[in-house]
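Participant: Structure file protein_17.cif (mmCIF, C-alpha atoms and all ligand atoms) is given on the next line.
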data_final
#
loop_
_atom_site.label_atom_id
_atom_site.label_comp_id
_atom_site.auth_asym_id
_atom_site.auth_seq_id
_atom_site.Cartn_x
_atom_site.Cartn_y
_atom_site.Cartn_z
CA MET A 105 -6.33 -9.23 -9.69
CA LYS A 106 -5.82 -12.62 -11.30
CA ILE A 107 -2.80 -14.69 -10.23
CA ASP A 108 -1.64 -17.95 -11.82
CA ALA A 109 1.26 -19.91 -10.34
CA VAL A 110 2.87 -22.84 -12.15
CA THR A 111 4.82 -25.41 -10.15
CA ILE A 112 5.56 -29.12 -9.81
CA PHE A 113 4.62 -28.79 -6.09
CA PRO A 114 1.12 -27.26 -5.89
CA GLU A 115 0.93 -28.12 -2.14
CA TYR A 116 3.48 -25.38 -1.44
CA PHE A 117 0.72 -22.88 -2.12
CA SER A 118 -1.83 -24.11 0.43
CA PRO A 119 -1.09 -21.21 2.85
CA LEU A 120 -2.82 -18.92 0.35
CA GLN A 121 -6.14 -20.20 1.75
CA LEU A 122 -5.32 -18.60 5.12
CA SER A 123 -5.78 -15.17 6.66
CA LEU A 124 -6.20 -12.03 4.57
CA ILE A 125 -5.27 -13.63 1.23
CA GLY A 126 -7.80 -16.41 1.80
CA LYS A 127 -10.45 -13.78 2.64
CA ALA A 128 -9.57 -11.69 -0.41
CA GLN A 129 -10.23 -14.73 -2.60
CA GLU A 130 -13.59 -15.36 -0.96
CA ASN A 131 -14.45 -11.69 -1.52
CA ASP A 132 -13.46 -11.87 -5.22
CA ILE A 133 -10.76 -9.22 -4.84
CA LEU A 134 -8.25 -11.89 -5.78
CA ASP A 135 -8.48 -14.93 -8.03
CA ILE A 136 -5.54 -17.30 -7.48
CA ALA A 137 -5.10 -20.52 -9.49
CA ILE A 138 -2.28 -23.01 -8.98
CA HIS A 139 -1.31 -25.20 -11.94
CA ASN A 140 0.66 -28.43 -11.83
CA LEU A 141 3.31 -28.39 -14.56
CA ARG A 142 3.23 -32.20 -14.72
CA ASP A 143 -0.37 -32.08 -15.94
CA TYR A 144 1.02 -30.70 -19.20
CA THR A 145 3.58 -33.46 -19.81
CA GLU A 146 2.83 -35.88 -22.63
CA ASP A 147 5.36 -38.67 -21.93
CA ASN A 148 4.74 -41.67 -19.67
CA HIS A 149 7.27 -40.52 -17.10
CA HIS A 150 5.82 -36.98 -16.85
CA SER A 151 9.35 -35.67 -17.06
CA VAL A 152 9.85 -31.94 -16.77
CA ASP A 153 13.65 -31.69 -16.82
CA ASP A 154 16.68 -32.78 -18.82
CA THR A 155 20.48 -32.48 -18.73
CA PRO A 156 22.05 -29.10 -19.56
CA TYR A 157 23.66 -28.43 -22.95
CA GLY A 158 27.34 -27.76 -22.38
CA GLY A 159 27.43 -30.14 -19.44
CA GLY A 160 27.52 -29.45 -15.73
CA ALA A 161 25.70 -30.58 -12.63
CA GLY A 162 21.95 -30.59 -12.21
CA MET A 163 18.98 -30.58 -14.53
CA VAL A 164 17.19 -27.89 -16.49
CA MET A 165 13.42 -27.57 -16.94
CA LYS A 166 12.37 -28.32 -20.50
CA PRO A 167 11.02 -25.41 -22.55
CA GLU A 168 8.23 -27.28 -24.42
CA ILE A 169 6.16 -27.98 -21.31
CA TRP A 170 6.54 -24.44 -20.04
CA GLY A 171 5.48 -23.21 -23.48
CA LEU A 172 2.27 -25.29 -23.34
CA VAL A 173 1.28 -24.01 -19.89
CA LEU A 174 2.20 -20.40 -20.53
CA ASP A 175 0.43 -20.31 -23.93
CA ASP A 176 -2.66 -21.49 -22.05
CA LEU A 177 -2.45 -18.84 -19.34
CA MET A 178 -1.16 -15.89 -21.32
CA ILE A 179 -3.59 -13.06 -22.04
CA PRO A 180 -2.98 -9.41 -22.97
CA GLU A 181 -1.73 -7.24 -20.06
CA THR A 182 0.09 -10.01 -18.20
CA ASP A 183 3.21 -9.77 -16.05
CA LEU A 184 5.12 -13.04 -16.30
CA ILE A 185 7.42 -13.46 -13.29
CA ILE A 186 10.14 -16.07 -13.75
CA LEU A 187 11.59 -16.90 -10.34
CA THR A 188 15.34 -17.37 -10.33
CA PRO A 189 18.11 -16.54 -7.84
CA ALA A 190 19.82 -14.68 -10.71
CA GLY A 191 16.89 -12.26 -11.19
CA GLU A 192 16.34 -8.65 -10.25
CA VAL A 193 15.91 -8.47 -6.45
CA PHE A 194 12.32 -7.99 -5.30
CA ASP A 195 11.63 -4.98 -3.09
CA GLN A 196 8.74 -2.80 -1.91
CA ARG A 197 8.94 -0.62 -5.01
CA MET A 198 8.50 -3.68 -7.28
CA ALA A 199 5.61 -4.86 -5.05
CA GLU A 200 3.89 -1.47 -5.58
CA GLU A 201 4.44 -1.69 -9.31
CA LEU A 202 3.14 -5.24 -9.64
CA SER A 203 0.12 -4.49 -7.41
CA LYS A 204 -1.16 -2.35 -10.30
CA SER A 205 -1.13 -5.31 -12.71
CA SER A 206 -4.36 -7.10 -13.65
CA HIS A 207 -2.70 -10.49 -14.21
CA LEU A 208 0.43 -12.05 -12.74
CA ILE A 209 1.87 -15.43 -13.72
CA PHE A 210 4.51 -16.91 -11.41
CA ALA A 211 6.70 -19.52 -13.13
CA CYS A 212 8.37 -21.53 -10.37
CA GLY A 213 11.50 -23.31 -11.49
CA ARG A 214 13.16 -26.19 -9.67
CA TYR A 215 16.54 -27.83 -10.29
CA GLU A 216 18.93 -25.46 -12.10
CA GLY A 217 16.01 -23.43 -13.42
CA ILE A 218 13.96 -23.11 -16.58
CA ASP A 219 15.48 -23.23 -20.09
CA ALA A 220 16.46 -19.62 -20.81
CA ARG A 221 14.54 -19.56 -24.11
CA VAL A 222 11.20 -19.48 -22.27
CA GLY A 223 11.77 -15.96 -20.93
CA GLN A 224 13.32 -14.95 -24.24
CA TYR A 225 10.30 -16.21 -26.21
CA TYR A 226 7.67 -14.28 -24.25
CA SER A 227 9.85 -11.14 -24.30
CA GLN A 228 9.50 -10.83 -28.07
CA ASP A 229 7.87 -7.75 -29.64
CA GLU A 230 4.63 -9.52 -30.58
CA PHE A 231 3.99 -10.19 -26.87
CA ALA A 232 5.20 -6.78 -25.70
CA ALA A 233 2.70 -5.27 -28.15
CA GLN A 234 -0.08 -7.03 -26.20
CA GLY A 235 1.12 -5.62 -22.88
CA ILE A 236 2.91 -8.83 -21.89
CA ARG A 237 5.95 -8.09 -19.72
CA VAL A 238 8.53 -10.64 -18.57
CA ARG A 239 10.71 -10.23 -15.48
CA GLU A 240 13.22 -12.56 -13.89
CA VAL A 241 12.96 -12.00 -10.16
CA SER A 242 14.86 -13.16 -7.05
CA ILE A 243 13.78 -12.47 -3.46
CA GLY A 244 17.33 -12.07 -2.11
CA ASN A 245 20.93 -13.13 -2.28
CA TYR A 246 20.73 -16.76 -1.19
CA VAL A 247 19.71 -19.92 -3.01
CA LEU A 248 16.39 -21.70 -2.41
CA GLY A 249 15.43 -25.15 -3.67
CA GLY A 250 12.92 -23.62 -6.05
CA GLY A 251 10.78 -20.61 -6.82
CA GLU A 252 7.70 -21.63 -4.81
CA VAL A 253 8.58 -19.95 -1.52
CA ALA A 254 9.77 -16.89 -3.42
CA ALA A 255 6.42 -16.71 -5.23
CA LEU A 256 4.59 -16.91 -1.88
CA VAL A 257 6.68 -14.04 -0.51
CA MET A 258 5.91 -11.92 -3.57
CA ILE A 259 2.19 -12.78 -3.56
CA GLU A 260 1.89 -11.74 0.08
CA ALA A 261 3.77 -8.47 -0.39
CA ILE A 262 1.86 -7.58 -3.57
CA THR A 263 -1.69 -8.57 -2.63
CA ARG A 264 -1.73 -6.75 0.72
CA LEU A 265 -1.40 -3.55 -1.31
CA LEU A 266 -4.68 -4.22 -3.16
CA PRO A 267 -7.66 -2.13 -2.04
CA GLY A 268 -9.82 -4.13 0.38
CA VAL A 269 -7.25 -6.77 1.32
CA LEU A 270 -6.03 -5.25 4.59
CA GLY A 271 -8.49 -4.99 7.48
CA ASN A 272 -7.27 -1.46 8.27
CA PRO A 273 -6.09 0.49 5.20
CA ASP A 274 -4.45 3.09 7.50
CA SER A 275 -1.67 0.52 8.03
CA LEU A 276 -0.66 1.05 4.39
CA ALA A 277 -0.56 4.85 4.65
CA GLU A 278 1.53 4.64 7.83
CA GLU A 279 4.13 2.34 6.33
CA SER A 280 4.46 4.20 3.00
CA HIS A 281 7.79 5.61 4.18
CA VAL A 282 9.26 2.09 4.02
CA GLU A 283 9.73 2.76 0.32
CA ASP A 284 11.83 5.82 1.11
CA GLY A 285 14.35 3.59 2.89
CA PHE A 286 12.96 4.02 6.40
CA LEU A 287 12.07 1.16 8.65
CA GLU A 288 9.27 1.46 11.13
CA TYR A 289 9.58 2.83 14.66
CA PRO A 290 9.46 0.44 17.64
CA ASN A 291 5.98 -0.41 18.92
CA PHE A 292 4.71 -1.17 22.43
CA THR A 293 1.46 -2.37 23.95
CA LYS A 294 0.27 -3.28 27.45
CA PRO A 295 1.52 -4.04 30.07
CA GLN A 296 3.31 -0.75 30.78
CA THR A 297 6.16 -2.68 32.47
CA TRP A 298 7.16 -6.13 31.27
CA ARG A 299 9.95 -8.08 33.01
CA GLY A 300 11.24 -4.84 34.45
CA ILE A 301 11.33 -2.98 31.15
CA GLY A 302 9.13 0.10 30.81
CA VAL A 303 7.56 1.78 27.79
CA PRO A 304 9.17 5.08 26.60
CA GLU A 305 7.57 7.90 28.65
CA ILE A 306 6.79 10.02 25.60
CA LEU A 307 4.27 7.44 24.36
CA LEU A 308 2.24 7.94 27.57
CA SER A 309 2.31 11.75 27.29
CA GLY A 310 -0.69 12.21 25.01
CA ASN A 311 1.35 14.80 23.09
CA HIS A 312 0.72 13.66 19.51
CA ALA A 313 3.18 16.04 17.85
CA ALA A 314 5.96 15.01 20.23
CA ILE A 315 5.11 11.32 19.71
CA ALA A 316 5.20 11.71 15.92
CA LYS A 317 8.61 13.45 16.16
CA TRP A 318 9.98 10.73 18.49
CA ARG A 319 8.77 8.00 16.11
CA ARG A 320 10.41 9.67 13.10
CA GLU A 321 13.70 9.91 15.00
CA GLU A 322 13.55 6.30 16.16
CA ALA A 323 12.74 5.09 12.62
CA ALA A 324 15.69 7.09 11.26
CA LYS A 325 18.00 5.60 13.93
CA LYS A 326 16.95 2.09 12.87
CA ALA A 327 17.54 2.92 9.20
CA GLU A 328 21.12 4.03 9.97
CA LYS A 329 22.06 0.64 11.37
CL1 LIG B 401 13.25 -16.73 -7.01
N1 LIG B 401 14.59 -18.97 -6.62
C1 LIG B 401 15.52 -19.72 -6.03
N2 LIG B 401 15.68 -20.97 -6.39
N3 LIG B 401 16.34 -19.24 -5.09
C2 LIG B 401 16.15 -17.97 -4.73
C3 LIG B 401 15.19 -17.13 -5.30
C4 LIG B 401 14.41 -17.68 -6.27
N4 LIG B 401 15.28 -15.93 -4.74
C5 LIG B 401 16.26 -16.01 -3.85
N5 LIG B 401 16.80 -17.23 -3.83
#
Can you present the structure in this file as structure tokens?
Facilitator:
Amino acid sequence: MKIDAVTIFPEYFSPLQLSLIGKAQENDILDIAIHNLRDYTEDNHHSVDDTPYGGGAGMVMKPEIWGLVLDDLMIPETDLIILTPAGEVFDQRMAEELSKSSHLIFACGRYEGIDARVGQYYSQDEFAAQGIRVREVSIGNYVLGGGEVAALVMIEAITRLLPGVLGNPDSLAEESHVEDGFLEYPNFTKPQTWRGIGVPEILLSGNHAAIAKWRREEAAKKAEK
């Protein structure tokens, strides 16, 4: 999978060198490139934003610069993700869907967001005909300073679903019920008693069927809350 992220703060993406995502890049399962939007500015001040038509507080990211970057990065079969708190809320189902894409572009807006014509432009039929899909996505109902952290969250959730990224692929099979609205059961490890609190007896029983049943019940209890 190829991932491009466009931002005015490339440093936000340094954690992608760590852990499983870092490994996946070394192993050529993943190819992540971070692009600095300011590199595409042509004025002396490298300005990326301007005041909103119609007035109001804050600044809006200019469409021309975004057009230059996105024209550069766009290829057939691309999912363009525009990060905005007003977007469709990201969930495990969307992560599954996007994990099947060959190319993701994350457009990280700052200020009051990106001029709305950018998403409109790449949503036109001529792009759709090339397999280019545009989605405005939010990671939850709160406001962040920009899309960078949201892009990181999405990249982590999506890329761990790619074959070969997780150390133990059984972890994926076991958690597949998350998508059905269930949370996971509680987990315990050694010691058997910690600060006076024991581990549920059933987990020490060796009775695998009974353990599986107990775990399903506990997961269902959590989901009810
Ligand atoms: Cl994608 N962007 C911003 N600025 N705030 C958010 C968000 C995105 N998702 C939730 N809050």
Participant: Grab all the atoms of segment 243-254 of chain A that the file lists, wrap them in a box along x, y and z, add 4 Å per side, and give me centre plus edge lengths in Å (one decimal) as JSON.
Facilitator:
{"center_x": 14.3, "center_y": -18.6, "center_z": -4.0, "size_x": 21.2, "size_y": 21.1, "size_z": 13.6}
Participant: With only C-alpha atoms and all ligand atoms as the basis for distance, which of A:Asp147, A:Asp153, A:Glu168, A:Glu216 is at the shortest distance from ligand LIG 401 (chain B)?
Facilitator: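 The closest residue to ligand LIG 401 (chain B) is A:Glu216.
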Participant: Between A:Ala190, A:Val152, A:Ile112, A:Ile107, single out the one closest to ligand LIG 401 (chain B), counting only C-alpha atoms and all ligand atoms.
Facilitator: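 Nearest candidate to ligand LIG 401 (chain B) out of A:Ala190, A:Val152, A:Ile112, A:Ile107: A:Ala190.
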Participant: Show me, as JSON lines, the residues of chain A having an atom within 6 Å of ligand LIG 401 (chain B), each with the closest atom pair and its distance in Å, using only C-alpha atoms and all ligand atoms.
Facilitator:
{"residue": "A:Leu187", "atom": "CA", "partner": "B:LIG401", "partner_atom": "CL1", "distance": 3.7}
{"residue": "A:Thr188", "atom": "CA", "partner": "B:LIG401", "partner_atom": "CL1", "distance": 4.0}
{"residue": "A:Pro189", "atom": "CA", "partner": "B:LIG401", "partner_atom": "C3", "distance": 3.9}
{"residue": "A:Val241", "atom": "CA", "partner": "B:LIG401", "partner_atom": "CL1", "distance": 5.7}
{"residue": "A:Ser242", "atom": "CA", "partner": "B:LIG401", "partner_atom": "N4", "distance": 3.6}
{"residue": "A:Ile243", "atom": "CA", "partner": "B:LIG401", "partner_atom": "N4", "distance": 4.0}
{"residue": "A:Gly244", "atom": "CA", "partner": "B:LIG401", "partner_atom": "C5", "distance": 4.4}
{"residue": "A:Asn245", "atom": "CA", "partner": "B:LIG401", "partner_atom": "C5", "distance": 5.7}
{"residue": "A:Tyr246", "atom": "CA", "partner": "B:LIG401", "partner_atom": "N5", "distance": 4.8}
{"residue": "A:Val247", "atom": "CA", "partner": "B:LIG401", "partner_atom": "N3", "distance": 4.0}
{"residue": "A:Leu248", "atom": "CA", "partner": "B:LIG401", "partner_atom": "N3", "distance": 3.6}
{"residue": "A:Gly249", "atom": "CA", "partner": "B:LIG401", "partner_atom": "N2", "distance": 5.0}
{"residue": "A:Gly250", "atom": "CA", "partner": "B:LIG401", "partner_atom": "N2", "distance": 3.8}
{"residue": "A:Gly251", "atom": "CA", "partner": "B:LIG401", "partner_atom": "N1", "distance": 4.2}
{"residue": "A:Ala254", "atom": "CA", "partner": "B:LIG401", "partner_atom": "CL1", "distance": 5.0}
Participant: May I have the protein, DNA and RNA residues with an atom at most 12 Å from (-4.2, -20.7, -3.1), counting all atoms listed in the file in the file's coordinates, returned as an NGL selection string?
Facilitator: :A and (106-110 or 114-130 or 134-139 or 255-256 or 259-260)
Participant: Using only C-alpha atoms, what residues lie at most 8 Å away from (-6.9, -7.2, 0.8) (file coordinates), given as a list in words?
Facilitator: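 These residues have at least one counted atom within 8 Å: Leu124, Ile125, Lys127, Ala128, Ile133, Thr263, Arg264, Leu265, Leu266, Pro267, Gly268, Val269, Leu270 and Gly271 of chain A.
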Participant: Name all residues at most 12 Å from Val173 of chain A (count all atoms listed in the file; drop same-chain ones fewer than 3 positions away) and give them as a list in words.
Facilitator: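 Final neighbour list, sorted by chain and number: Asp108, Ala109, Val110, Thr111, Ile138, His139, Asn140, Leu141, Arg142, Asp143, Tyr144, Thr145, Lys166, Pro167, Glu168, Ile169, Trp170, Asp176, Leu177, Met178, Ile209, Phe210, Ala211 and Val222 of chain A.
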Participant: What is the atom CA of Val193 of chain A to atom CA of Val257 of chain A distance in Å?
Facilitator: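 Atom CA of Val257 of chain A lies 12.3 Å from atom CA of Val193 of chain A.
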